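*Asks:* Here it is, the structure in full.
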Amino acid sequence: MARILIVDDSPSQLMSIRRIVEKLGHEALTAEDGAAGVEAAKRELPDLILMDVVMPNLNGFQATRAITREPTTKHIPVILVTTKDQDTDRVWGMRQGAKAYITKPFNEGELSALVAQYVGGPSAA
């Protein structure tokens with residue numbers, strides 16, 4: 001079982017992603033904005049982070065950059081889960097250190113496969 005940090009400012013998205021993560025048998029940790037996500041990553045050292053982009057305080061690009069540049073958290077893979085679907089957003093997200101990029105609304109199987117790729121476990125819901 002992996003510990004997965006979900007960072008999203010939308011309560012409904014947070015619960016939806018949490019349900020998928022727990023269905024896959026993993027422990028879900030949550031944070032409601034980028035700044036809280038960075039702090040939770042440092043404190044909890046999760047196995048994987050699922051990061052929204054459009055959030056208050058610190059957006060997902062900034063939070064991903066902070067996490068992937070911090071010596072204590074740079075080993076944690078970050079998957080951006082966002083409504084931003086332009087190629088430039090995808091390229092920018094990867095430049096910030098993200099390992100993968102998935103757009104909302106996403107297919108549960110698609111997210112499950114990405115989670116499995118980085119922490120193991122079943123890839124289909």
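By convention here, the chains of the structure tokens are called A, B, ... in the order presented, each chain's residues are numbered starting at 1, and ligands are numbered starting at 1 in the order presented.
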Using DSSP on the backbone coordinates, identify all residues within chain A classified as strand (DSSP E or B); present the result as a ChimeraX atom specification.

*Replies:* /A:3-7,27-31,48-51,78-82,100-103

*Asks:* Create the file for the chosen residues now, containing N, CA and C atoms and written as a compact mmCIF listing (two decimals), in the first residue's frame.

*Replies:*
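Dumped everything to result01.txt:
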```
# COMPACT_ATOMS: atom_id res chain seq x y z
N ARG A 3 1.29 5.54 0.07
CA ARG A 3 0.69 6.74 0.65
C ARG A 3 0.70 7.80 -0.45
N ILE A 4 -0.49 8.25 -0.83
CA ILE A 4 -0.63 9.18 -1.95
C ILE A 4 -1.24 10.49 -1.48
N LEU A 5 -0.53 11.58 -1.74
CA LEU A 5 -1.01 12.92 -1.39
C LEU A 5 -1.79 13.49 -2.57
N ILE A 6 -3.03 13.90 -2.29
CA ILE A 6 -3.89 14.51 -3.32
C ILE A 6 -4.00 15.99 -2.97
N VAL A 7 -3.62 16.86 -3.91
CA VAL A 7 -3.67 18.30 -3.67
C VAL A 7 -4.66 18.91 -4.67
N GLU A 27 -3.36 4.47 0.73
CA GLU A 27 -3.76 5.46 1.73
C GLU A 27 -3.77 6.84 1.08
N ALA A 28 -4.86 7.59 1.26
CA ALA A 28 -4.97 8.92 0.67
C ALA A 28 -4.76 10.00 1.73
N LEU A 29 -3.85 10.93 1.44
CA LEU A 29 -3.63 12.11 2.26
C LEU A 29 -4.11 13.27 1.40
N THR A 30 -4.60 14.34 2.01
CA THR A 30 -5.11 15.45 1.21
C THR A 30 -4.59 16.80 1.68
N ALA A 31 -4.56 17.74 0.73
CA ALA A 31 -4.23 19.14 1.00
C ALA A 31 -5.09 19.97 0.06
N LEU A 48 3.65 9.23 -3.67
CA LEU A 48 3.20 9.83 -4.93
C LEU A 48 2.35 11.05 -4.60
N ILE A 49 2.37 12.05 -5.48
CA ILE A 49 1.54 13.24 -5.31
C ILE A 49 0.70 13.44 -6.57
N LEU A 50 -0.61 13.61 -6.38
CA LEU A 50 -1.54 13.95 -7.47
C LEU A 50 -1.89 15.42 -7.27
N MET A 51 -1.44 16.29 -8.17
CA MET A 51 -1.48 17.73 -7.98
C MET A 51 -2.37 18.45 -9.00
N VAL A 78 5.42 13.40 -9.01
CA VAL A 78 4.24 14.26 -9.03
C VAL A 78 3.52 14.06 -10.36
N ILE A 79 2.22 13.79 -10.27
CA ILE A 79 1.37 13.71 -11.46
C ILE A 79 0.43 14.90 -11.42
N LEU A 80 0.46 15.73 -12.44
CA LEU A 80 -0.46 16.87 -12.50
C LEU A 80 -1.81 16.39 -13.01
N VAL A 81 -2.86 16.74 -12.27
CA VAL A 81 -4.24 16.35 -12.60
C VAL A 81 -5.01 17.66 -12.72
N THR A 82 -5.29 18.11 -13.94
CA THR A 82 -5.77 19.47 -14.14
C THR A 82 -6.74 19.64 -15.30
N ALA A 100 4.12 13.06 -14.91
CA ALA A 100 3.01 12.78 -15.84
C ALA A 100 1.99 13.90 -15.73
N TYR A 101 1.08 13.93 -16.70
CA TYR A 101 0.09 15.01 -16.80
C TYR A 101 -1.20 14.40 -17.30
N ILE A 102 -2.27 14.57 -16.56
CA ILE A 102 -3.57 14.03 -16.96
C ILE A 102 -4.60 15.15 -16.84
N THR A 103 -5.50 15.23 -17.82
CA THR A 103 -6.48 16.33 -17.80
C THR A 103 -7.84 15.86 -17.28
```

*Asks:* Between CA of Gln117 in chain A and CA of Lys74 in chain A, what is the distance, to one decimal in Å?

*Replies:* 17.8 Å

*Asks:* Hey, what's within 9 Å of Ala41 in chain A if we count only C-alpha atoms and toss same-chain stuff fewer than 5 positions away? As a ChimeraX atom specification, please?

*Replies:* /A:5,36,46,49,67,73,76

*Asks:* Do you know which residues are at most 7 Å from Asp33 in chain A counting only C-alpha atoms, after dropping those on the same chain fewer than 5 positions away, and could you put them as an mmCIF file with N, CA, C and O atoms, in the first residue's frame?

*Replies:*
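Output file out_17.cif follows:
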```
data_model
loop_
_atom_site.group_PDB
_atom_site.id
_atom_site.type_symbol
_atom_site.label_atom_id
_atom_site.label_comp_id
_atom_site.auth_asym_id
_atom_site.auth_seq_id
_atom_site.Cartn_x
_atom_site.Cartn_y
_atom_site.Cartn_z
ATOM 1 N N VAL A 7 -3.624 16.860 -3.909
ATOM 2 C CA VAL A 7 -3.669 18.303 -3.674
ATOM 3 C C VAL A 7 -4.657 18.911 -4.672
ATOM 4 O O VAL A 7 -4.415 18.904 -5.880
ATOM 5 N N ASP A 8 -5.789 19.408 -4.157
ATOM 6 C CA ASP A 8 -6.817 19.991 -5.018
ATOM 7 C C ASP A 8 -7.689 20.906 -4.169
ATOM 8 O O ASP A 8 -8.032 20.555 -3.037
ATOM 9 N N ASP A 9 -8.036 22.074 -4.701
ATOM 10 C CA ASP A 9 -8.857 23.020 -3.933
ATOM 11 C C ASP A 9 -10.351 22.751 -4.076
ATOM 12 O O ASP A 9 -11.156 23.369 -3.386
ATOM 13 N N MET A 55 -5.110 26.590 -8.394
ATOM 14 C CA MET A 55 -5.420 26.655 -6.962
ATOM 15 C C MET A 55 -4.969 27.999 -6.400
ATOM 16 O O MET A 55 -4.066 28.627 -6.947
ATOM 17 N N PRO A 56 -5.579 28.407 -5.273
ATOM 18 C CA PRO A 56 -5.154 29.658 -4.631
ATOM 19 C C PRO A 56 -3.815 29.486 -3.906
ATOM 20 O O PRO A 56 -3.349 28.368 -3.722
ATOM 21 N N ASN A 57 -3.241 30.595 -3.479
ATOM 22 C CA ASN A 57 -1.979 30.675 -2.728
ATOM 23 C C ASN A 57 -0.776 30.296 -3.584
ATOM 24 O O ASN A 57 -0.005 31.147 -3.967
ATOM 25 N N LEU A 58 -0.633 29.036 -3.882
ATOM 26 C CA LEU A 58 0.478 28.545 -4.688
ATOM 27 C C LEU A 58 -0.162 27.629 -5.721
ATOM 28 O O LEU A 58 -0.854 26.684 -5.356
#
```
